[in-house]
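File shown: entry30.tsv (TSV, C-alpha atoms).
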```
chain	number	residue	atom	x	y	z
P	1	MET	CA	110.10	87.70	169.32
P	2	PRO	CA	109.98	91.49	169.50
P	3	ARG	CA	106.64	93.03	168.57
P	4	ILE	CA	106.42	95.50	165.72
P	5	GLY	CA	104.43	98.59	166.54
P	6	HIS	CA	101.24	99.47	164.65
P	7	SER	CA	102.66	102.81	163.53
P	8	ARG	CA	105.74	101.14	162.04
P	9	ILE	CA	103.55	98.70	160.08
P	10	THR	CA	101.37	101.54	158.80
P	11	ARG	CA	104.41	103.53	157.72
P	12	ALA	CA	105.89	100.50	155.96
P	13	LEU	CA	102.64	99.91	154.10
P	14	ARG	CA	102.49	103.55	153.02
P	15	ILE	CA	106.03	103.36	151.69
P	16	ALA	CA	105.23	100.13	149.82
P	17	VAL	CA	102.07	101.63	148.27
P	18	SER	CA	103.90	104.82	147.26
P	19	THR	CA	106.69	102.81	145.66
P	20	CYS	CA	104.15	100.73	143.76
P	21	LEU	CA	102.32	103.83	142.52
P	22	LEU	CA	105.56	105.43	141.36
P	23	SER	CA	106.48	102.25	139.50
P	24	LEU	CA	103.10	102.17	137.79
P	25	ALA	CA	103.41	105.84	136.83
P	26	ALA	CA	106.73	105.10	135.16
P	27	LEU	CA	105.20	102.42	132.94
P	28	PRO	CA	104.25	103.30	129.33
P	29	SER	CA	100.62	104.18	128.66
P	30	SER	CA	98.42	101.17	128.09
P	31	ALA	CA	96.64	100.64	124.78
P	32	ALA	CA	93.38	101.72	126.45
P	33	GLU	CA	94.88	105.17	127.12
P	34	LEU	CA	96.05	105.73	123.54
P	35	ILE	CA	94.04	108.05	121.31
P	36	PRO	CA	92.23	106.02	118.61
P	37	PHE	CA	93.10	107.23	115.11
P	38	LYS	CA	91.85	105.61	111.90
P	39	VAL	CA	93.69	106.04	108.61
P	40	GLY	CA	91.99	105.29	105.29
P	41	GLU	CA	94.20	103.50	102.78
P	42	ALA	CA	92.55	104.33	99.47
P	43	SER	CA	95.06	102.37	97.42
P	44	PRO	CA	97.91	100.10	98.57
P	45	ALA	CA	101.06	101.59	97.07
P	46	ASN	CA	104.61	102.54	97.97
P	47	THR	CA	103.43	106.09	98.76
P	48	PHE	CA	101.98	104.59	101.97
P	49	LEU	CA	105.38	103.35	103.19
P	50	ALA	CA	105.94	106.18	105.70
P	51	ILE	CA	102.74	105.19	107.53
P	52	TRP	CA	103.58	101.47	107.49
P	53	MET	CA	107.08	102.19	108.77
P	54	ALA	CA	105.84	104.44	111.56
P	55	GLN	CA	103.38	101.76	112.63
P	56	ALA	CA	105.99	98.97	112.50
P	57	ALA	CA	108.52	101.05	114.49
P	58	GLY	CA	106.02	102.00	117.22
P	59	PHE	CA	106.21	105.73	116.46
P	60	TYR	CA	102.44	106.22	116.72
P	61	GLU	CA	102.28	104.60	120.14
P	62	ALA	CA	105.20	106.78	121.24
P	63	GLU	CA	103.08	109.80	120.25
P	64	GLY	CA	100.12	108.46	122.21
P	65	LEU	CA	98.10	107.19	119.23
P	66	LYS	CA	96.48	103.85	118.46
P	67	VAL	CA	96.48	103.86	114.67
P	68	ASP	CA	94.26	101.46	112.74
P	69	ILE	CA	94.45	101.26	108.95
P	70	VAL	CA	91.11	100.99	107.16
P	71	HIS	CA	91.30	99.54	103.65
P	72	MET	CA	89.17	101.43	101.13
P	73	SER	CA	88.54	101.31	97.39
P	74	GLY	CA	89.79	104.59	95.97
P	75	GLY	CA	89.09	108.07	97.25
P	76	ARG	CA	85.58	108.63	95.89
P	77	GLU	CA	83.93	108.48	99.32
P	78	SER	CA	86.55	110.65	101.06
P	79	GLY	CA	84.09	113.35	102.10
P	80	PRO	CA	81.40	111.15	103.69
P	81	GLU	CA	83.95	108.80	105.29
P	82	LEU	CA	85.81	111.67	106.96
P	83	LYS	CA	82.66	113.56	107.92
P	84	SER	CA	81.14	110.46	109.54
P	85	GLY	CA	84.30	109.71	111.50
P	86	ARG	CA	84.68	106.22	110.05
P	87	VAL	CA	88.22	107.39	109.33
P	88	ASN	CA	90.05	110.42	110.68
P	89	LEU	CA	92.48	110.82	107.79
P	90	ILE	CA	92.62	109.44	104.25
P	91	HIS	CA	95.64	108.95	102.03
P	92	VAL	CA	94.35	110.59	98.81
P	93	GLY	CA	95.49	113.38	96.54
P	94	MET	CA	94.07	116.82	95.91
P	95	SER	CA	91.82	115.71	93.03
P	96	SER	CA	89.66	113.81	95.54
P	97	VAL	CA	89.56	116.90	97.78
P	98	ILE	CA	88.32	119.08	94.91
P	99	ARG	CA	85.59	116.56	94.05
P	100	ALA	CA	84.48	116.17	97.67
P	101	ASN	CA	84.36	119.92	98.31
P	102	LEU	CA	82.33	120.53	95.17
P	103	ALA	CA	79.78	118.14	96.66
P	104	GLY	CA	79.61	120.20	99.86
P	105	GLY	CA	82.56	118.72	101.75
P	106	THR	CA	85.18	120.65	103.69
P	107	LEU	CA	88.29	118.57	103.20
P	108	ARG	CA	91.89	119.76	103.48
P	109	ASN	CA	95.23	118.22	102.51
P	110	ILE	CA	97.48	118.80	105.54
P	111	GLY	CA	100.55	117.01	104.19
P	112	SER	CA	101.92	115.20	101.17
P	113	LEU	CA	103.66	111.89	100.55
P	114	SER	CA	104.16	112.65	96.85
P	115	ASN	CA	104.44	115.99	95.08
P	116	VAL	CA	104.74	114.57	91.55
P	117	ILE	CA	102.55	112.25	89.48
P	118	ARG	CA	103.97	108.79	90.05
P	119	ALA	CA	102.10	106.81	87.41
P	120	THR	CA	102.48	105.47	83.88
P	121	MET	CA	99.66	104.57	81.50
P	122	PHE	CA	99.83	101.13	79.94
P	123	ALA	CA	97.79	99.61	77.11
P	124	ALA	CA	96.26	96.14	77.04
P	125	PRO	CA	98.04	93.56	74.84
P	126	GLN	CA	95.42	93.83	72.08
P	127	ILE	CA	95.91	97.61	71.74
P	128	LYS	CA	98.81	98.02	69.34
P	129	THR	CA	98.53	101.76	68.57
P	130	ASP	CA	97.25	104.85	70.35
P	131	ALA	CA	94.71	105.36	67.57
P	132	GLU	CA	92.89	102.22	68.78
P	133	LEU	CA	92.20	103.91	72.12
P	134	LYS	CA	89.44	106.12	70.71
P	135	GLY	CA	86.15	104.64	71.86
P	136	ALA	CA	87.95	102.23	74.19
P	137	THR	CA	87.54	101.70	77.95
P	138	PHE	CA	90.01	103.32	80.36
P	139	GLY	CA	90.22	101.95	83.90
P	140	ILE	CA	90.52	104.23	86.94
P	141	SER	CA	90.41	103.51	90.68
P	142	SER	CA	87.44	105.78	91.42
P	143	ALA	CA	85.84	108.98	90.13
P	144	GLY	CA	87.75	112.09	91.14
P	145	SER	CA	90.89	110.17	92.14
P	146	GLU	CA	94.40	110.93	90.93
P	147	SER	CA	94.12	108.05	88.46
P	148	ASP	CA	91.01	109.77	87.10
P	149	SER	CA	92.50	113.26	86.81
P	150	ALA	CA	95.79	111.98	85.36
P	151	THR	CA	93.80	109.97	82.81
P	152	THR	CA	92.28	113.26	81.67
P	153	LEU	CA	95.81	114.63	81.14
P	154	VAL	CA	96.75	111.61	78.99
P	155	LEU	CA	93.57	111.87	76.93
P	156	ARG	CA	94.37	115.48	76.10
P	157	ARG	CA	97.79	114.43	74.83
P	158	LEU	CA	96.15	111.80	72.66
P	159	GLY	CA	93.84	114.43	71.21
P	160	LEU	CA	90.83	112.83	72.90
P	161	ARG	CA	88.08	114.08	75.18
P	162	ARG	CA	86.52	112.09	77.97
P	163	GLU	CA	83.41	111.86	75.80
P	164	ASP	CA	85.48	109.98	73.20
P	165	VAL	CA	86.15	107.05	75.54
P	166	THR	CA	84.52	105.09	78.36
P	167	ILE	CA	85.89	105.77	81.85
P	168	LYS	CA	85.31	102.80	84.17
P	169	GLU	CA	85.88	102.58	87.91
P	170	ILE	CA	87.70	99.30	88.60
P	171	GLY	CA	89.36	99.91	91.98
P	172	PRO	CA	93.01	100.05	93.07
P	173	GLU	CA	94.13	96.73	91.56
P	174	ARG	CA	94.18	97.55	87.86
P	175	LEU	CA	97.16	95.60	86.54
P	176	SER	CA	95.23	92.34	86.14
P	177	GLN	CA	92.43	94.16	84.31
P	178	VAL	CA	94.66	95.78	81.70
P	179	ARG	CA	96.76	92.64	81.33
P	180	SER	CA	93.66	90.56	80.60
P	181	GLY	CA	92.25	93.16	78.21
P	182	ALA	CA	89.21	93.90	80.40
P	183	VAL	CA	90.17	97.57	79.96
P	184	ALA	CA	92.14	99.02	77.07
P	185	ALA	CA	94.40	101.20	79.19
P	186	THR	CA	95.02	102.32	82.75
P	187	LEU	CA	97.47	104.25	84.90
P	188	LEU	CA	99.68	102.30	87.29
P	189	GLY	CA	101.94	103.39	90.14
P	190	GLU	CA	104.44	101.30	92.08
P	191	PRO	CA	104.68	98.40	92.48
P	192	HIS	CA	102.27	97.67	89.60
P	193	ARG	CA	104.14	100.05	87.30
P	194	SER	CA	107.33	98.00	87.51
P	195	GLN	CA	105.38	94.76	87.21
P	196	ALA	CA	103.74	96.02	84.00
P	197	MET	CA	107.16	96.96	82.64
P	198	GLU	CA	108.40	93.44	83.40
P	199	LEU	CA	105.40	91.99	81.58
P	200	GLY	CA	106.20	94.08	78.51
P	201	LEU	CA	102.93	96.03	78.42
P	202	ARG	CA	103.10	98.96	76.00
P	203	VAL	CA	103.53	102.42	77.52
P	204	VAL	CA	100.98	104.97	76.34
P	205	ALA	CA	102.31	107.85	78.46
P	206	ASP	CA	104.95	107.85	81.19
P	207	LEU	CA	103.81	110.74	83.38
P	208	TYR	CA	106.19	109.70	86.15
P	209	ALA	CA	109.22	110.14	83.90
P	210	GLU	CA	108.11	113.74	83.30
P	211	ARG	CA	108.03	114.54	87.04
P	212	ILE	CA	104.91	116.68	86.75
P	213	PRO	CA	104.38	118.76	89.94
P	214	TRP	CA	101.15	117.49	91.52
P	215	LEU	CA	99.68	117.01	94.98
P	216	TYR	CA	99.41	113.34	94.14
P	217	SER	CA	99.34	111.55	97.49
P	218	GLY	CA	97.98	113.76	100.25
P	219	LEU	CA	97.20	113.33	103.93
P	220	THR	CA	93.58	114.46	103.95
P	221	VAL	CA	91.22	115.38	106.80
P	222	ASP	CA	87.89	117.06	107.37
P	223	LEU	CA	88.17	120.73	108.36
P	224	GLY	CA	85.99	120.20	111.42
P	225	TYR	CA	88.27	117.44	112.70
P	226	LEU	CA	91.32	119.60	112.01
P	227	ARG	CA	89.93	122.45	114.09
P	228	SER	CA	88.94	120.28	117.06
P	229	ASN	CA	91.78	117.73	117.01
P	230	ARG	CA	94.82	119.71	115.94
P	231	ASP	CA	97.08	118.20	118.60
P	232	THR	CA	96.14	114.65	117.54
P	233	LEU	CA	96.98	115.48	113.92
P	234	VAL	CA	100.32	116.97	114.96
P	235	ARG	CA	101.10	113.70	116.78
P	236	PHE	CA	100.18	111.74	113.66
P	237	LEU	CA	102.32	113.92	111.41
P	238	LYS	CA	105.33	113.71	113.71
P	239	ALA	CA	105.21	109.92	113.77
P	240	THR	CA	104.58	109.63	110.02
P	241	ILE	CA	107.41	112.02	109.16
P	242	GLU	CA	109.77	110.06	111.36
P	243	GLY	CA	108.57	106.92	109.58
P	244	ASN	CA	109.62	108.60	106.33
P	245	HIS	CA	113.10	109.36	107.66
P	246	LEU	CA	113.52	105.84	109.02
P	247	ALA	CA	112.46	104.32	105.69
P	248	VAL	CA	114.97	106.43	103.79
P	249	THR	CA	117.89	105.59	106.08
P	250	ASP	CA	117.13	101.93	106.89
P	251	GLU	CA	116.79	100.43	103.41
P	252	LYS	CA	116.75	96.80	104.55
P	253	ARG	CA	113.96	97.29	107.05
P	254	ALA	CA	111.98	99.50	104.67
P	255	LYS	CA	112.13	96.88	101.92
P	256	GLU	CA	110.98	94.19	104.35
P	257	VAL	CA	107.97	96.30	105.37
P	258	LEU	CA	107.21	97.21	101.74
P	259	ALA	CA	107.38	93.57	100.64
P	260	HIS	CA	105.17	92.44	103.52
P	261	GLU	CA	102.49	95.09	103.08
P	262	LEU	CA	102.32	94.85	99.27
P	263	LYS	CA	102.85	91.07	99.19
P	264	LEU	CA	105.90	91.36	96.95
P	265	THR	CA	108.39	88.54	96.41
P	266	ASP	CA	110.36	89.58	93.31
P	267	PRO	CA	113.55	91.38	94.47
P	268	LYS	CA	113.61	93.51	91.31
P	269	ILE	CA	110.09	94.81	91.93
P	270	ILE	CA	110.86	95.45	95.60
P	271	ASP	CA	114.04	97.35	94.66
P	272	ALA	CA	112.21	99.44	92.03
P	273	SER	CA	109.34	100.28	94.37
P	274	TYR	CA	111.71	101.31	97.14
P	275	ALA	CA	113.90	103.38	94.78
P	276	ASN	CA	110.77	105.18	93.57
P	277	PHE	CA	109.74	105.89	97.17
P	278	LYS	CA	113.18	107.11	98.21
P	279	SER	CA	113.52	109.38	95.19
P	280	GLU	CA	110.11	111.01	95.26
P	281	THR	CA	108.78	111.10	98.83
P	282	PRO	CA	109.05	114.53	100.50
P	283	PRO	CA	110.86	113.60	103.74
P	284	ASN	CA	108.93	116.04	105.92
P	285	ALA	CA	105.55	115.47	104.23
P	286	GLU	CA	105.40	119.11	103.17
P	287	ILE	CA	103.02	120.15	100.41
P	288	ASP	CA	104.53	121.69	97.28
P	289	ARG	CA	102.11	124.54	96.59
P	290	THR	CA	103.20	124.60	92.94
P	291	GLY	CA	101.99	121.02	92.57
P	292	ALA	CA	98.73	121.87	94.33
P	293	GLU	CA	98.18	124.86	92.05
P	294	ASN	CA	98.85	122.62	89.05
P	295	VAL	CA	96.04	120.27	90.10
P	296	LEU	CA	93.69	123.21	90.54
P	297	THR	CA	94.42	124.80	87.16
P	298	SER	CA	94.57	121.49	85.25
P	299	ILE	CA	91.48	119.58	86.31
P	300	ALA	CA	89.19	121.66	88.57
P	301	PRO	CA	85.83	122.43	86.91
P	302	ALA	CA	84.79	126.02	86.29
P	303	ASN	CA	82.51	126.13	89.35
P	304	ALA	CA	85.29	125.08	91.77
P	305	SER	CA	86.93	127.60	94.09
P	306	ARG	CA	90.26	128.95	92.83
P	307	ASN	CA	91.46	129.68	96.36
P	308	LEU	CA	94.13	127.11	97.22
P	309	ASP	CA	93.43	127.52	100.93
P	310	ASP	CA	90.04	125.90	100.33
P	311	TYR	CA	91.91	122.64	99.65
P	312	VAL	CA	95.21	122.69	101.55
P	313	ASP	CA	96.33	123.68	105.04
P	314	THR	CA	100.08	123.78	105.56
P	315	SER	CA	99.93	125.32	109.04
P	316	LEU	CA	100.73	122.07	110.87
P	317	THR	CA	103.90	121.29	108.93
P	318	ASP	CA	104.83	124.99	108.98
P	319	ASP	CA	104.63	124.92	112.79
P	320	LEU	CA	106.69	121.73	113.01
P	321	ARG	CA	109.42	123.37	110.94
P	322	LYS	CA	109.39	126.51	113.08
P	323	GLN	CA	109.54	124.44	116.27
P	324	GLY	CA	112.70	122.70	115.04
P	325	PHE	CA	111.15	119.23	114.69
P	326	PHE	CA	112.49	118.73	111.17
P	327	ALA	CA	115.94	119.87	112.26
P	328	GLU	CA	115.84	117.33	115.10
P	329	LEU	CA	115.05	114.53	112.66
P	330	GLU	CA	117.81	115.64	110.30
P	331	LYS	CA	120.23	115.50	113.21
P	332	LYS	CA	118.98	112.04	114.19
P	333	TYR	CA	118.75	110.47	110.73
P	334	GLY	CA	120.90	112.72	108.54
P	335	LYS	CA	119.82	115.34	106.03
P	336	LYS	CA	118.01	114.00	102.93
```
Starting from the file, give its structure as structure tokens.
Amino acid sequence: MPRIGHSRITRALRIAVSTCLLSLAALPSSAAELIPFKVGEASPANTFLAIWMAQAAGFYEAEGLKVDIVHMSGGRESGPELKSGRVNLIHVGMSSVIRANLAGGTLRNIGSLSNVIRATMFAAPQIKTDAELKGATFGISSAGSESDSATTLVLRRLGLRREDVTIKEIGPERLSQVRSGAVAATLLGEPHRSQAMELGLRVVADLYAERIPWLYSGLTVDLGYLRSNRDTLVRFLKATIEGNHLAVTDEKRAKEVLAHELKLTDPKIIDASYANFKSETPPNAEIDRTGAENVLTSIAPANASRNLDDYVDTSLTDDLRKQGFFAELEKKYGKK
């Protein structure tokens, strides 16, 4: 047999190694190379659908992120949780930001998944008239949350002050508590709002029907993290916004994800929750400054800053618009 020269073998090995390296370079990044990013879910609701959809569709991985969802009980601890790094972003509204910043925090809403109040207040079965609510117990998710601030709005309409009632923190799952009579009244968003309607609970005030401008469901970060991890947050926003667009255009898939995440089985409740999402979610997660101003003027205490820039930062979504990212998504998914 003819002998193969040493130089030919060496050259063949080099070619084989180079080919292997090129093949490896073409492979997607491994999970170990993805940037860890933790999202706090303060309350499971249909306002979170964009994030669930982006995760299910692999949009975060495509942006180089490994997103983990951390379940929390309301937004009361937003400041410490973000400052400590336990989570990098929390899904809470501007009321929680105001409360946290008054306590020395430096939180900012960088995007919005709802620019109107999407909740209705229901009374317990034993409460037959609004007059019976004086001196009664109102359930909220946590102090300073949107359920807390919106409860203040309802009390004013009833001619009551917070001192006239008992405000009790009972966490995100409040339907069972009002249904059993453990609290006299509470605010509910989807899907619990539709479930309460089905159960025939009496409506005290339907704030959602009024479409009150409000930074109700914000994407919230610590200012220090924003300054040092701007690129990571841009990646997160891009994936989340695309999750929004996918959810709006692929109704079947969106309803499947919604039903799975919220453990829904009733088609009517799933349909109502999805319709609410599709109607009210800002497709590009942009903050409505009018809604943010409304929160500030309606519920911020006298010692809170009146400068909106102390609570919101729209620079990331502004840049994405200028760069044509939103236009690209509209071309891909259709204009909403």
(Q) Just to confirm, what's the straight-line distance from CA of Gly104 (chain P) to CA of Thr232 (chain P) in Å (one decimal)? (A) 24.8 Å
Q) Pick from P:Gly181, P:Gly171, P:Gly224, P:Pro283: nearest to Gly79 (chain P), with only C-alpha atoms counted? A) P:Gly224
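For the pair CA of Leu308 (chain P) and CA of Thr186 (chain P), the separation is 28.7 Å.
With distances taken over all atoms listed in the file, P:Lys255 is the one residue among P:His260, P:Arg211, P:Lys255, P:Arg306 lying closest to Ala272 (chain P).
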Q: Considering all atoms listed in the file, state which residue in the set P:Ser95, P:Ser305, P:Thr220, P:Asn276 is at the smallest distance from Ser149 (chain P).
A: P:Ser95
Kindly provide, as JSON, the centre and edge lengths (Å, one decimal) of an axis-aligned box around all atoms of region 240-250 of chain P given in the file, with 4 Å on each side.
```
{"center_x": 111.2, "center_y": 107.0, "center_z": 107.6, "size_x": 21.3, "size_y": 18.1, "size_z": 15.6}
```
Missing atoms of region 231-267 of chain P rebuilt to N, CA and C atoms, written as a short mmCIF file (atom, residue, chain, number, x, y, z; two decimals), in the coordinates of the input:
```
data_model
loop_
_atom_site.label_atom_id
_atom_site.label_comp_id
_atom_site.auth_asym_id
_atom_site.auth_seq_id
_atom_site.Cartn_x
_atom_site.Cartn_y
_atom_site.Cartn_z
N ASP P 231 95.97 118.85 117.91
CA ASP P 231 97.08 118.20 118.60
C ASP P 231 97.23 116.74 118.17
N THR P 232 96.10 116.05 117.99
CA THR P 232 96.14 114.65 117.54
C THR P 232 96.77 114.56 116.15
N LEU P 233 96.42 115.49 115.27
CA LEU P 233 96.98 115.48 113.92
C LEU P 233 98.47 115.80 113.93
N VAL P 234 98.90 116.68 114.83
CA VAL P 234 100.32 116.97 114.96
C VAL P 234 101.06 115.70 115.39
N ARG P 235 100.50 114.97 116.33
CA ARG P 235 101.10 113.70 116.78
C ARG P 235 101.23 112.73 115.60
N PHE P 236 100.15 112.64 114.81
CA PHE P 236 100.18 111.74 113.66
C PHE P 236 101.26 112.15 112.66
N LEU P 237 101.32 113.43 112.37
CA LEU P 237 102.32 113.92 111.41
C LEU P 237 103.74 113.67 111.91
N LYS P 238 103.99 113.92 113.17
CA LYS P 238 105.33 113.71 113.71
C LYS P 238 105.77 112.26 113.56
N ALA P 239 104.88 111.34 113.89
CA ALA P 239 105.21 109.92 113.77
C ALA P 239 105.39 109.50 112.31
N THR P 240 104.51 109.99 111.43
CA THR P 240 104.58 109.63 110.02
C THR P 240 105.86 110.18 109.38
N ILE P 241 106.20 111.40 109.71
CA ILE P 241 107.41 112.02 109.16
C ILE P 241 108.64 111.26 109.64
N GLU P 242 108.64 110.86 110.90
CA GLU P 242 109.77 110.06 111.36
C GLU P 242 109.81 108.70 110.66
N GLY P 243 108.63 108.15 110.36
CA GLY P 243 108.57 106.92 109.58
C GLY P 243 109.20 107.10 108.21
N ASN P 244 108.99 108.26 107.61
CA ASN P 244 109.62 108.60 106.33
C ASN P 244 111.15 108.58 106.46
N HIS P 245 111.65 109.27 107.47
CA HIS P 245 113.10 109.36 107.66
C HIS P 245 113.71 107.99 107.93
N LEU P 246 113.02 107.19 108.73
CA LEU P 246 113.52 105.84 109.02
C LEU P 246 113.56 105.00 107.74
N ALA P 247 112.51 105.10 106.93
CA ALA P 247 112.46 104.32 105.69
C ALA P 247 113.57 104.69 104.72
N VAL P 248 113.91 105.97 104.69
CA VAL P 248 114.97 106.43 103.79
C VAL P 248 116.35 105.96 104.26
N THR P 249 116.55 105.92 105.56
CA THR P 249 117.89 105.59 106.08
C THR P 249 118.09 104.10 106.34
N ASP P 250 117.02 103.37 106.62
CA ASP P 250 117.13 101.93 106.89
C ASP P 250 116.52 101.16 105.72
N GLU P 251 117.30 101.03 104.64
CA GLU P 251 116.79 100.43 103.41
C GLU P 251 116.33 98.99 103.62
N LYS P 252 117.09 98.22 104.35
CA LYS P 252 116.75 96.80 104.55
C LYS P 252 115.39 96.65 105.23
N ARG P 253 115.23 97.38 106.31
CA ARG P 253 113.96 97.29 107.05
C ARG P 253 112.81 97.82 106.22
N ALA P 254 113.04 98.90 105.50
CA ALA P 254 111.98 99.50 104.67
C ALA P 254 111.54 98.52 103.58
N LYS P 255 112.49 97.84 102.97
CA LYS P 255 112.13 96.88 101.92
C LYS P 255 111.36 95.70 102.49
N GLU P 256 111.71 95.29 103.70
CA GLU P 256 110.98 94.19 104.35
C GLU P 256 109.52 94.59 104.60
N VAL P 257 109.33 95.81 105.10
CA VAL P 257 107.97 96.30 105.37
C VAL P 257 107.19 96.45 104.06
N LEU P 258 107.84 97.01 103.05
CA LEU P 258 107.21 97.21 101.74
C LEU P 258 106.78 95.87 101.15
N ALA P 259 107.68 94.90 101.19
CA ALA P 259 107.38 93.57 100.64
C ALA P 259 106.23 92.91 101.38
N HIS P 260 106.23 93.06 102.70
CA HIS P 260 105.17 92.44 103.52
C HIS P 260 103.82 93.08 103.23
N GLU P 261 103.77 94.40 103.23
CA GLU P 261 102.49 95.09 103.08
C GLU P 261 101.91 94.97 101.66
N LEU P 262 102.79 94.93 100.65
CA LEU P 262 102.32 94.85 99.27
C LEU P 262 102.39 93.44 98.72
N LYS P 263 102.78 92.48 99.58
CA LYS P 263 102.85 91.07 99.19
C LYS P 263 103.74 90.87 97.96
N LEU P 264 104.94 91.46 98.03
CA LEU P 264 105.90 91.36 96.95
C LEU P 264 106.95 90.30 97.26
N THR P 265 107.35 89.55 96.24
CA THR P 265 108.39 88.54 96.41
C THR P 265 109.54 88.70 95.43
N ASP P 266 109.32 89.39 94.32
CA ASP P 266 110.36 89.58 93.31
C ASP P 266 111.32 90.69 93.76
N PRO P 267 112.60 90.36 94.00
CA PRO P 267 113.55 91.38 94.47
C PRO P 267 113.65 92.59 93.55
#
```
